[in-house]
Each structure stands twice: as C-alpha cells, then as structure tokens.
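The structure appears below as structure tokens.
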Amino acid sequence: MNGVETQTVTVGELTAHLARPVAVESDGAMLVLPMITGIDSQVRGFAADIAAAGMTALVWDPWHGPTADDTPRPRLFELMAGLDDDTCLAEMDALLAHLREELGFERIGVVGYCLGGRFALLLGARDPLVRNVIAYHPSIWDPAPANHTRDAVAEAAAIGSPVMVLHAGDDDILSAQTLGALRSALETRESGATIVHTYPGAEHGFSSPARHANPVNEAASALSWPQALAFAAATLAR
C-alpha cells in the first residue's frame, strides 16, 4: 500500500479534506461526497483508501465543520434537512474547479455515499467532464423531501460517464421501484457504461463501519469497496 498524506485545504469560503499518495504521481482524482456523518473518521478512511490506490481524494464538507465524531446524530439530521440542492452543487463545482485549476487534474471522478450518493448522480449529470460516478446506496426518497428540488433519477439520464451504483438489497430509503427507474434512466443513455451491484440483505449505509455489527453489511462493504476502487482507477486511467 502506498503512503498517504492528508491535510485540510481552503477553497474560497469552503474547507475540505485532501488525501493523496506519497512518492507516486496521482493517477487522477476523486471528489468524495460524504454521508450524513460529514468528514468524520470513517470518511477520512475512505479518502485514505482512494489515495492508497494511487488517486487523490478531495472531500466535500456538507456541514462546514461538524462531523459524527463530535456532533450528535439528531443534530446532523437537522442539518441534512436544511441542505439546498443548488447551494450544495455550487460548492461541489468550486471543489472540482480547485482540483482542475489549482491542483492540475484533468481526470476527475466522483464518489458519494447515502446523501452524497444522490449528489454524485446530480453532479455527474451537471458536469460533462466528470470521468466516473460511483453512488453508494444513494438516498433517493419517494416521495422526495421538500428540500430535494432536483430529481436525481431523471437527471441521471444526462450523465455521460460510466456509472456504478452499489445498492443495498434491504434499503429502506431507495425502493426497488425507484432503483428500477434509476437503472432504466442510466441504461437508456447513449454513452457511459452502467454497472449496478445489489447486495441482498444489506441495509442502507452498509459501507459505514458503524453498520458492520450486521455481518451482511460488513460482507457487502468488504466485497464492494475493492470493486469501486478498481472502477475508479480504470475510468481515470489515461
């Protein structure tokens, strides 16, 4: 495993977590969109894994400071209810610009988990230069909350890059019907491979170590993550 260096970076009024490999040239970069936990220890671990695989990872901070390491979960749910789609996407645009203009990356993908998985789909549809989209158990509700003003399923049809969706078989947020609509939107695209993996019995958020007391979640995470990293590396290759 390659060595990894990490730091907090400032992008305009935003702060973000940066992880990159040491002593080797990064083979592209991934913008990481966290779950409700924000940039907590587990998400920093995901970024470190990406860097150890030879790619730079830049992590968006949805809460501008708080994380599950220091903030009660009910407060994080309150913050999530206050998110605005367009504001969040504008922040992600700024981080993509930082990767391109300040760090010099031309090959950039996006990976998101839960709420970040939904935003990964929206961002992939918004930015035609994104090289891949990885959506871990995306939080696409039906009916959608009032602050979800963009339709991730409908907009997914505009993604031009390869997409990987990691679906929890027992997801209590993304229904089988909504997953079918998402798969249909992706598979009717004129470009970009569609890969949908379903993990029977796994629960929403199965990638989180906090859910690994359930061995099905732990097994799904252990099987899916190496494949997601390989997909990212392959789609970022020169």
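Residues are referred to by chain and number: the chain letter is A, B, ... according to the order shown in the structure tokens, the number counts from 1 in that chain, and ligands are numbered separately from 1 in the order shown.
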- Task: Would you list the contacts of Leu18 of chain A as a PyMOL selection string, taking every protein, DNA or RNA residue within 8 Å and counting only C-alpha atoms, but skipping same-chain residues closer than 4 positions in sequence?
- Result: chain A and resi 6-9+47+56-59
At most 10 Å is the cut-off: for each residue in segment 126-228 of chain A with any atom that close to an atom of segment 68-81 of chain A, write down the nearest atom pair and the distance in Å rounded to one decimal, counting only C-alpha atoms, chain first then increasing number, as a Markdown table.
```
| residue | atom | partner | partner_atom | distance |
| --- | --- | --- | --- | --- |
| A:Pro145 | CA | A:Ala81 | CA | 8.2 |
| A:Ala146 | CA | A:Ala81 | CA | 8.7 |
| A:Asn147 | CA | A:Ala81 | CA | 7.0 |
| A:His148 | CA | A:Ala81 | CA | 9.3 |
```
Generate a file of the selected residues that holds all heavy atoms, formatted as a CSV table (one decimal), in the first residue's frame.
```
chain,number,residue,atom,x,y,z
A,145,PRO,N,-38.1,14.6,-0.1
A,145,PRO,CA,-38.3,15.7,0.9
A,145,PRO,C,-38.4,17.0,0.2
A,145,PRO,O,-38.0,17.2,-1.0
A,145,PRO,CB,-37.0,15.6,1.7
A,145,PRO,CG,-36.4,14.3,1.5
A,145,PRO,CD,-36.9,13.9,0.1
A,146,ALA,N,-38.9,18.0,0.9
A,146,ALA,CA,-39.2,19.3,0.2
A,146,ALA,C,-37.9,20.0,-0.2
A,146,ALA,O,-37.9,20.7,-1.2
A,146,ALA,CB,-39.9,20.2,1.2
A,147,ASN,N,-36.8,19.7,0.4
A,147,ASN,CA,-35.5,20.4,0.0
A,147,ASN,C,-34.8,19.6,-1.1
A,147,ASN,O,-33.8,20.1,-1.6
A,147,ASN,CB,-34.6,20.6,1.2
A,147,ASN,CG,-34.1,19.2,1.8
A,147,ASN,OD1,-34.9,18.3,1.9
A,147,ASN,ND2,-32.9,19.2,2.3
A,148,HIS,N,-35.3,18.5,-1.5
A,148,HIS,CA,-34.8,17.8,-2.7
A,148,HIS,C,-35.5,18.4,-4.0
A,148,HIS,O,-36.4,17.8,-4.5
A,148,HIS,CB,-35.0,16.3,-2.6
A,148,HIS,CG,-34.1,15.7,-1.6
A,148,HIS,ND1,-33.9,14.3,-1.6
A,148,HIS,CD2,-33.4,16.2,-0.6
A,148,HIS,CE1,-33.0,14.0,-0.6
A,148,HIS,NE2,-32.7,15.1,0.1
```
- Task: Give the answer as one residue: which of A:Val4, A:Leu96, A:Val43, A:Leu129 has the shortest atom-to-atom distance to Glu25 of chain A, using only C-alpha atoms?
- Result: A:Val4
- Message: Could you pull out the helix (DSSP H, G or I) residues of segment 11-209 of chain A, going by DSSP on the backbone, and write them as number ranges by chain?
- Response: A: 41-52, 73-81, 85-102, 115-126, 152-156, 176-187, 209
- Nearest residue to Pro128 of chain A from the set A:Val111, A:Leu103, A:Ile159, A:Ala19 (distances using only C-alpha atoms): A:Ile159
- Query: To one decimal place, how far is atom CA of Pro143 of chain A from atom CA of Ala185 of chain A in Å?
  - Reply: 18.1 Å
So that I can check the surroundings of segment 203-208 of chain A, please list as an mmCIF file with N, CA and C atoms, in the first residue's frame every protein, DNA and RNA residue that reaches within 10 Å of it, counting only C-alpha atoms and ignoring chain neighbours fewer than 2 positions away.
```cif
data_model
loop_
_atom_site.group_PDB
_atom_site.id
_atom_site.type_symbol
_atom_site.label_atom_id
_atom_site.label_comp_id
_atom_site.auth_asym_id
_atom_site.auth_seq_id
_atom_site.Cartn_x
_atom_site.Cartn_y
_atom_site.Cartn_z
ATOM 1 N N MET A 35 -21.590 10.835 3.539
ATOM 2 C CA MET A 35 -22.913 10.567 4.076
ATOM 3 C C MET A 35 -23.204 11.582 5.176
ATOM 4 N N ILE A 36 -24.230 11.355 5.955
ATOM 5 C CA ILE A 36 -24.654 12.310 6.978
ATOM 6 C C ILE A 36 -23.565 12.583 8.010
ATOM 7 N N THR A 37 -22.606 11.697 8.139
ATOM 8 C CA THR A 37 -21.542 11.836 9.138
ATOM 9 C C THR A 37 -20.594 12.994 8.864
ATOM 10 N N GLN A 42 -14.476 7.789 9.566
ATOM 11 C CA GLN A 42 -14.703 6.765 8.551
ATOM 12 C C GLN A 42 -14.550 7.350 7.144
ATOM 13 N N VAL A 43 -15.045 8.551 6.919
ATOM 14 C CA VAL A 43 -14.941 9.164 5.588
ATOM 15 C C VAL A 43 -13.488 9.521 5.286
ATOM 16 N N PHE A 46 -12.089 6.408 4.005
ATOM 17 C CA PHE A 46 -12.400 6.177 2.599
ATOM 18 C C PHE A 46 -11.434 6.968 1.705
ATOM 19 N N TYR A 113 -21.789 8.735 -0.869
ATOM 20 C CA TYR A 113 -22.417 7.740 -0.007
ATOM 21 C C TYR A 113 -23.707 8.314 0.574
ATOM 22 N N CYS A 114 -24.792 7.566 0.481
ATOM 23 C CA CYS A 114 -26.086 7.983 1.032
ATOM 24 C C CYS A 114 -26.488 9.333 0.426
ATOM 25 N N LEU A 115 -26.552 10.403 1.236
ATOM 26 C CA LEU A 115 -26.907 11.704 0.661
ATOM 27 C C LEU A 115 -25.887 12.104 -0.401
ATOM 28 N N TYR A 136 -22.905 5.078 -3.785
ATOM 29 C CA TYR A 136 -23.119 4.062 -2.760
ATOM 30 C C TYR A 136 -24.466 4.299 -2.088
ATOM 31 N N HIS A 137 -25.343 3.264 -2.142
ATOM 32 C CA HIS A 137 -26.676 3.309 -1.516
ATOM 33 C C HIS A 137 -27.225 4.745 -1.483
ATOM 34 N N PRO A 138 -27.459 5.334 -2.688
ATOM 35 C CA PRO A 138 -27.884 6.741 -2.739
ATOM 36 C C PRO A 138 -29.232 6.959 -2.048
ATOM 37 N N SER A 139 -29.330 8.083 -1.339
ATOM 38 C CA SER A 139 -30.554 8.419 -0.603
ATOM 39 C C SER A 139 -31.519 9.150 -1.531
ATOM 40 N N LEU A 166 -24.005 1.062 -6.088
ATOM 41 C CA LEU A 166 -23.917 -0.023 -5.115
ATOM 42 C C LEU A 166 -25.184 0.021 -4.281
ATOM 43 N N HIS A 167 -26.078 -0.943 -4.503
ATOM 44 C CA HIS A 167 -27.416 -0.896 -3.913
ATOM 45 C C HIS A 167 -27.559 -1.884 -2.764
ATOM 46 N N ALA A 168 -28.127 -1.407 -1.664
ATOM 47 C CA ALA A 168 -28.427 -2.265 -0.522
ATOM 48 C C ALA A 168 -29.756 -2.976 -0.766
ATOM 49 N N GLY A 169 -29.737 -4.313 -0.726
ATOM 50 C CA GLY A 169 -30.943 -5.080 -1.019
ATOM 51 C C GLY A 169 -32.089 -4.780 -0.076
ATOM 52 N N ASP A 170 -31.784 -4.449 1.186
ATOM 53 C CA ASP A 170 -32.815 -4.095 2.157
ATOM 54 C C ASP A 170 -32.809 -2.601 2.458
ATOM 55 N N ASP A 171 -32.519 -1.803 1.451
ATOM 56 C CA ASP A 171 -32.506 -0.351 1.629
ATOM 57 C C ASP A 171 -33.912 0.132 1.990
ATOM 58 N N ASP A 172 -34.014 0.897 3.054
ATOM 59 C CA ASP A 172 -35.314 1.423 3.467
ATOM 60 C C ASP A 172 -35.558 2.838 2.954
ATOM 61 N N ILE A 173 -34.660 3.334 2.110
ATOM 62 C CA ILE A 173 -34.832 4.655 1.505
ATOM 63 C C ILE A 173 -35.019 4.518 -0.010
ATOM 64 N N LEU A 174 -34.074 3.899 -0.688
ATOM 65 C CA LEU A 174 -34.173 3.697 -2.140
ATOM 66 C C LEU A 174 -34.980 2.428 -2.394
ATOM 67 N N TYR A 199 -26.666 -5.943 -3.197
ATOM 68 C CA TYR A 199 -26.172 -6.776 -2.100
ATOM 69 C C TYR A 199 -27.361 -7.224 -1.260
ATOM 70 N N PRO A 200 -27.878 -8.439 -1.512
ATOM 71 C CA PRO A 200 -29.086 -8.900 -0.816
ATOM 72 C C PRO A 200 -28.920 -8.878 0.697
ATOM 73 N N GLY A 201 -29.938 -8.363 1.363
ATOM 74 C CA GLY A 201 -29.936 -8.328 2.813
ATOM 75 C C GLY A 201 -29.172 -7.172 3.425
ATOM 76 N N ALA A 210 -19.996 1.690 11.150
ATOM 77 C CA ALA A 210 -20.970 1.710 12.236
ATOM 78 C C ALA A 210 -22.110 0.722 11.993
ATOM 79 N N ARG A 211 -22.283 0.279 10.744
ATOM 80 C CA ARG A 211 -23.343 -0.677 10.418
ATOM 81 C C ARG A 211 -22.833 -2.107 10.347
ATOM 82 N N HIS A 212 -21.565 -2.315 10.684
ATOM 83 C CA HIS A 212 -20.962 -3.624 10.453
ATOM 84 C C HIS A 212 -21.179 -4.627 11.581
ATOM 85 N N ASN A 214 -23.929 -5.860 11.813
ATOM 86 C CA ASN A 214 -24.664 -6.782 10.946
ATOM 87 C C ASN A 214 -23.663 -7.371 9.962
ATOM 88 N N PRO A 215 -23.390 -8.679 10.031
ATOM 89 C CA PRO A 215 -22.367 -9.266 9.162
ATOM 90 C C PRO A 215 -22.683 -9.152 7.680
ATOM 91 N N VAL A 216 -23.965 -9.025 7.328
ATOM 92 C CA VAL A 216 -24.320 -8.854 5.916
ATOM 93 C C VAL A 216 -23.791 -7.515 5.409
ATOM 94 N N ASN A 217 -23.925 -6.475 6.220
ATOM 95 C CA ASN A 217 -23.405 -5.167 5.842
ATOM 96 C C ASN A 217 -21.884 -5.200 5.729
ATOM 97 N N GLU A 218 -21.235 -5.841 6.688
ATOM 98 C CA GLU A 218 -19.776 -5.923 6.672
ATOM 99 C C GLU A 218 -19.289 -6.649 5.428
ATOM 100 N N ALA A 219 -19.963 -7.749 5.072
ATOM 101 C CA ALA A 219 -19.571 -8.509 3.893
ATOM 102 C C ALA A 219 -19.804 -7.713 2.611
ATOM 103 N N ALA A 220 -20.923 -6.979 2.554
ATOM 104 C CA ALA A 220 -21.216 -6.168 1.373
ATOM 105 C C ALA A 220 -20.171 -5.078 1.198
ATOM 106 N N SER A 221 -19.776 -4.461 2.304
ATOM 107 C CA SER A 221 -18.763 -3.414 2.241
ATOM 108 C C SER A 221 -17.419 -3.985 1.790
ATOM 109 N N ALA A 222 -17.045 -5.130 2.357
ATOM 110 C CA ALA A 222 -15.754 -5.734 2.023
ATOM 111 C C ALA A 222 -15.689 -6.162 0.566
ATOM 112 N N SER A 224 -17.673 -4.833 -1.994
ATOM 113 C CA SER A 224 -17.939 -3.738 -2.932
ATOM 114 C C SER A 224 -16.802 -2.739 -3.053
ATOM 115 N N TRP A 225 -16.121 -2.432 -1.940
ATOM 116 C CA TRP A 225 -15.156 -1.343 -1.953
ATOM 117 C C TRP A 225 -13.971 -1.607 -2.886
#
```
